[in-house]
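Peer 1: Below you will find the structure I want to go over with you.
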Amino acid sequence: MTIFNVENVNVSSFEAMPTPEELHAQLPLSDRAGTVVTQGREALRNILDRKDPRLFAVVGPCSIHDPVAGLDYARRLARLQEEVADSLLLVMRVYFEKPRTTTGWKGYINDPDMDDSFHIERGMANARRFLLDVAELGLPTATEALDPISPQYLGDLIAWTAIGARTTESQTHREMASGLSTPVGFKNGTDGDIGIAINAILSASHPHAFLGVNSQGRTSIVRTRGNRYGHVVLRGGDGRPNYDTVSVTMAEQALAKAKLPANIVVDCSHANSFKNPDLQPLVMADVVNQIRFGNRSLVGVMIESNIVGGKQAIPEDLSRLVYGCSVTDGCVGWEVTEKMIRDAHLVLRDVLPARAG
Ligand SMILES: O=C[C@H](O)[C@H](O)COP(=O)(O)O
Ligand SMILES: C=C(OP(=O)(O)O)C(=O)O
């Protein structure tokens with residue numbers, strides 16, 4: 001019999017991962033973490049259902065690369081949450097999977113050692129440990145769901161999920177979102193098109209059947225119920241911001257035309273700030289101002305923030321990494337973050353009673 005070289009021609013190896021069930025057994029959801037996740041999701045659903053007038057803020061590093069600095073950040077954010085809880089629900093941005101425009105470090109799960117050794121098994125376990133630690137501090141977490149298998153490993157620890165600008169139009173991601181247990185924010189496309197985010201919300205709100213893995217790691221037909229907590233995240237695009245009153249009104253009109261609730265989140269970073277972190281406070285202040293002047297559709301914001309502002313390239317010698325500074329997109333530093341959140345709080349606490357009414 002002739003042996004043909006036609007299968008996995010460009011695959012160099014397969015290495016088995018621990019199953020989701022095995023990782024859960026190794027790092028189980030604690031009572032405290034389970035309570036924080038449950039309450040975080042409920043609070044987010046209440047904001048989206050207008051039963052809670054607060055604004056939610058997905059705030060934290062562009063990506064987690066150092067769990068020690070990440071937890072240091074989480075402790076600061078947990079303290080700030082206590083201060084502003086009556087006007088803002090803070091959800092920590094814990095992004096472990098980075099979609100790249102071309103190539104680059106794809107995040108802590110993919111390459112936890114940042115040296116192209118790709119120890120995904122360790123990245124996944126460390127990511128779960130980190131999410132547990134953050135939940136234990138009382139903070140709900142938000143992440144971008146990029147790999148369609150990862151939610152089986154980590155989904156029980158997440159309160160809010162983003163589908164990124166590069167994947168909002170992907171059927172795989174819409175199917176996955178239809179089965180996710182959290183509210184899901186769909187970003188507009190990198191070209192600024194919000195139509196794809198609206199189509200994604202509609203698609204994900206329906207039940208789907210697709211291929212995935214179950215908790216024992218077995219390839220399975222996944223049948224979902226549909227996710228009714230999809231919403232739009234405006235992140236700007238094609239070199240133009242889209243957080244301004246006119247863009248927000250146009251998004252409201254597009255949502256109304258699709259018979260979807262007017263729930264809009266503004267990403268203060270990315271194209272809305274021309275990837276210049278120094279501009280994020282201006283975007284945030286504008287959003288808060290729109291709310292002050294009566295806007296009802298803006299329900300959340302996203303801030304890329306870290307301990308130290310700016311960003312750094314990943315050095316060959318990792319001991320040269322600056323502690324608490326982003327290795328992906330530039331972030332606002334901690335002092336600026338505190339000011340952004342506190343300034344928003346001072347305005348929102350006065351206008352929220354009217355918003356609730
Ligand atoms: O937020 C992260 C980045 O904007 C996104 O992952 C794309 O990054 P890149 O254009 O540097 O690859
Ligand atoms: C990649 C991100 O955003 P976007 O999909 O909007 O580029 C992100 O928030 O990390």
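Labels for the structure tokens follow display order: chains A, B, ..., residues from 1 in each chain, ligands from 1.
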Given a cut-off of 8 Å, what residues near ligand 1 show up using only C-alpha atoms and all ligand atoms, put as a list of chain:residue names?

Peer 2: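 Using only C-alpha atoms and all ligand atoms, everything at most 8 Å from ligand 1 comes to A:Cys62, A:Ser63, A:Lys98, A:Pro99, A:Arg100, A:Thr101, A:Thr102, A:Thr103, A:Gly104, A:Lys106, A:His270, A:Lys275, A:Thr328, A:Asp329.
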
Peer 1: Could you name the residues that touch segment 276-281 of chain A at 7 Å or less, counting only C-alpha atoms, but leaving out those on the same chain fewer than 4 positions away, as a PyMOL selection string?

Peer 2: chain A and resi 268-269+285+310+330-332+340

Peer 1: Could you write out the selected residues, including N, CA and C atoms, as an mmCIF file, in the first residue's frame?

Peer 2:
```cif
data_model
loop_
_atom_site.group_PDB
_atom_site.id
_atom_site.type_symbol
_atom_site.label_atom_id
_atom_site.label_comp_id
_atom_site.auth_asym_id
_atom_site.auth_seq_id
_atom_site.Cartn_x
_atom_site.Cartn_y
_atom_site.Cartn_z
ATOM 1 N N CYS A 268 -11.686 53.225 25.902
ATOM 2 C CA CYS A 268 -10.954 54.504 25.890
ATOM 3 C C CYS A 268 -9.611 54.367 25.193
ATOM 4 N N SER A 269 -9.197 53.140 24.920
ATOM 5 C CA SER A 269 -7.874 52.916 24.338
ATOM 6 C C SER A 269 -8.002 52.633 22.836
ATOM 7 N N ALA A 285 -13.395 61.104 30.204
ATOM 8 C CA ALA A 285 -14.086 62.320 30.662
ATOM 9 C C ALA A 285 -15.224 62.658 29.711
ATOM 10 N N GLY A 310 2.714 53.739 29.954
ATOM 11 C CA GLY A 310 3.469 53.485 28.726
ATOM 12 C C GLY A 310 3.569 52.009 28.402
ATOM 13 N N GLY A 330 0.363 50.474 25.020
ATOM 14 C CA GLY A 330 0.636 51.435 26.086
ATOM 15 C C GLY A 330 -0.571 51.602 27.010
ATOM 16 N N CYS A 331 -0.280 51.760 28.295
ATOM 17 C CA CYS A 331 -1.333 51.889 29.313
ATOM 18 C C CYS A 331 -1.163 53.201 30.071
ATOM 19 N N VAL A 332 -2.240 53.638 30.725
ATOM 20 C CA VAL A 332 -2.076 54.725 31.694
ATOM 21 C C VAL A 332 -1.498 54.122 32.972
ATOM 22 N N MET A 340 -8.639 59.044 36.922
ATOM 23 C CA MET A 340 -9.729 58.844 35.948
ATOM 24 C C MET A 340 -10.977 58.273 36.654
#
```

Peer 1: Would you list the contacts of segment 209-215 of chain A as a PDB file with C-alpha atoms, in the first residue's frame, taking every protein, DNA or RNA residue within 6 Å and counting only C-alpha atoms, but skipping same-chain residues closer than 6 positions in sequence?

Peer 2:
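And here's result-v3.pdb as it stands now:
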```
ATOM      1  CA  PRO A  20     -10.182  21.030  31.632  1.00  0.00           C
ATOM      2  CA  GLU A  21     -11.485  18.660  34.309  1.00  0.00           C
ATOM      3  CA  ILE A 221     -20.827  18.595  19.428  1.00  0.00           C
ATOM      4  CA  VAL A 222     -21.428  21.690  21.564  1.00  0.00           C
ATOM      5  CA  ARG A 223     -25.052  22.817  21.569  1.00  0.00           C
TER       6      ARG A 223
END
```

Peer 1: List the spatial neighbours of Ala197 of chain A as JSON, numbers by chain - criterion: any atom at most 10 Å away, only C-alpha atoms, same-chain residues fewer than 5 positions off excluded.

Peer 2: {"A": [163, 164, 165, 167, 168, 169, 174, 185, 186, 187, 188, 189, 202, 203, 230, 231, 232, 233, 234, 255]}

Peer 1: Next, the residues of the selection above should be written as a compact mmCIF listing (two decimals), in the first residue's frame with C-alpha atoms.

Peer 2:
```txt
# COMPACT_ATOMS: atom_id res chain seq x y z
CA ILE A 163 -14.67 39.38 21.43
CA GLY A 164 -11.96 41.47 19.81
CA ALA A 165 -12.03 43.70 16.75
CA THR A 167 -12.61 38.25 15.54
CA THR A 168 -16.07 39.85 15.90
CA GLU A 169 -16.87 38.78 12.34
CA ARG A 174 -19.93 34.11 17.55
CA GLY A 185 -18.87 42.78 24.51
CA PHE A 186 -18.28 42.68 20.75
CA LYS A 187 -15.79 45.24 19.48
CA ASN A 188 -16.42 47.09 16.24
CA GLY A 189 -13.98 46.06 13.49
CA LEU A 202 -27.68 38.86 16.79
CA SER A 203 -25.82 35.67 15.87
CA GLY A 230 -24.24 40.68 23.93
CA HIS A 231 -23.45 44.38 23.53
CA VAL A 232 -21.29 46.69 21.42
CA VAL A 233 -17.86 48.00 22.38
CA LEU A 234 -16.85 51.12 20.43
CA LEU A 255 -28.94 48.99 17.56
```

Peer 1: Considering only C-alpha atoms and all ligand atoms, state which residue in the set A:Gly70, A:Gly179, A:Gly309, A:Gly236 is at the smallest distance from ligand 2.

Peer 2: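 Comparing A:Gly70, A:Gly179, A:Gly309, A:Gly236 against ligand 2, the winner is A:Gly236.
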
Peer 1: From a backbone DSSP assignment, name each residue in segment 171-209 of chain A labelled strand (DSSP E), as a PDB file with N, CA and C atoms, in the first residue's frame.

Peer 2:
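The result, written out as selection-v8.pdb:
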```pdb
ATOM      1  N   VAL A 184     -21.167  39.431  26.989  1.00  0.00           N
ATOM      2  CA  VAL A 184     -20.079  39.487  25.996  1.00  0.00           C
ATOM      3  C   VAL A 184     -20.111  40.830  25.259  1.00  0.00           C
ATOM      4  N   GLY A 185     -19.001  41.537  25.279  1.00  0.00           N
ATOM      5  CA  GLY A 185     -18.875  42.782  24.508  1.00  0.00           C
ATOM      6  C   GLY A 185     -18.209  42.490  23.179  1.00  0.00           C
ATOM      7  N   PHE A 186     -18.855  42.864  22.081  1.00  0.00           N
ATOM      8  CA  PHE A 186     -18.282  42.676  20.749  1.00  0.00           C
ATOM      9  C   PHE A 186     -17.705  44.011  20.278  1.00  0.00           C
ATOM     10  N   LYS A 187     -16.430  44.011  19.973  1.00  0.00           N
ATOM     11  CA  LYS A 187     -15.792  45.240  19.480  1.00  0.00           C
ATOM     12  C   LYS A 187     -16.209  45.503  18.040  1.00  0.00           C
ATOM     13  N   ALA A 209     -24.888  24.985  17.171  1.00  0.00           N
ATOM     14  CA  ALA A 209     -24.255  23.672  17.379  1.00  0.00           C
ATOM     15  C   ALA A 209     -22.942  23.700  16.609  1.00  0.00           C
TER      16      ALA A 209
END
```

Peer 1: Which of these residues is nearest to ligand 2, using only C-alpha atoms and all ligand atoms: A:Ala78, A:Leu27, A:Val36, A:Ala142?

Peer 2: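 Comparing A:Ala78, A:Leu27, A:Val36, A:Ala142 against ligand 2, the winner is A:Ala142.
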
Peer 1: Have a look at A:Phe130, A:Phe4, A:Phe118, A:Phe274 and name the one nearest to ligand 2; count only C-alpha atoms and all ligand atoms.

Peer 2: A:Phe274

Peer 1: Please, which residues of segment 19-140 of chain A, numbered as in this document, come out alpha helix (DSSP H) from DSSP, as a PyMOL selection string?

Peer 2: chain A and resi 20-26+31-48+67-84+120-136

Peer 1: Restricting the calculation to only C-alpha atoms and all ligand atoms, which member of A:Ser30, A:Asn295, A:Thr245, A:Thr190 is positioned closest to ligand 2?

Peer 2: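 Nearest to ligand 2: A:Thr190.
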
Peer 1: With a distance cut-off of 10 Å and only C-alpha atoms, select the neighbouring residues of segment 259-265 of chain A, excluding the residue or stretch itself and same-chain residues fewer than 6 positions from it, and output the selection as a PyMOL selection string.

Peer 2: chain A and resi 47-50+55-58+185-187+198+201-202+228-235+243+248-249+251-253+287+296-302
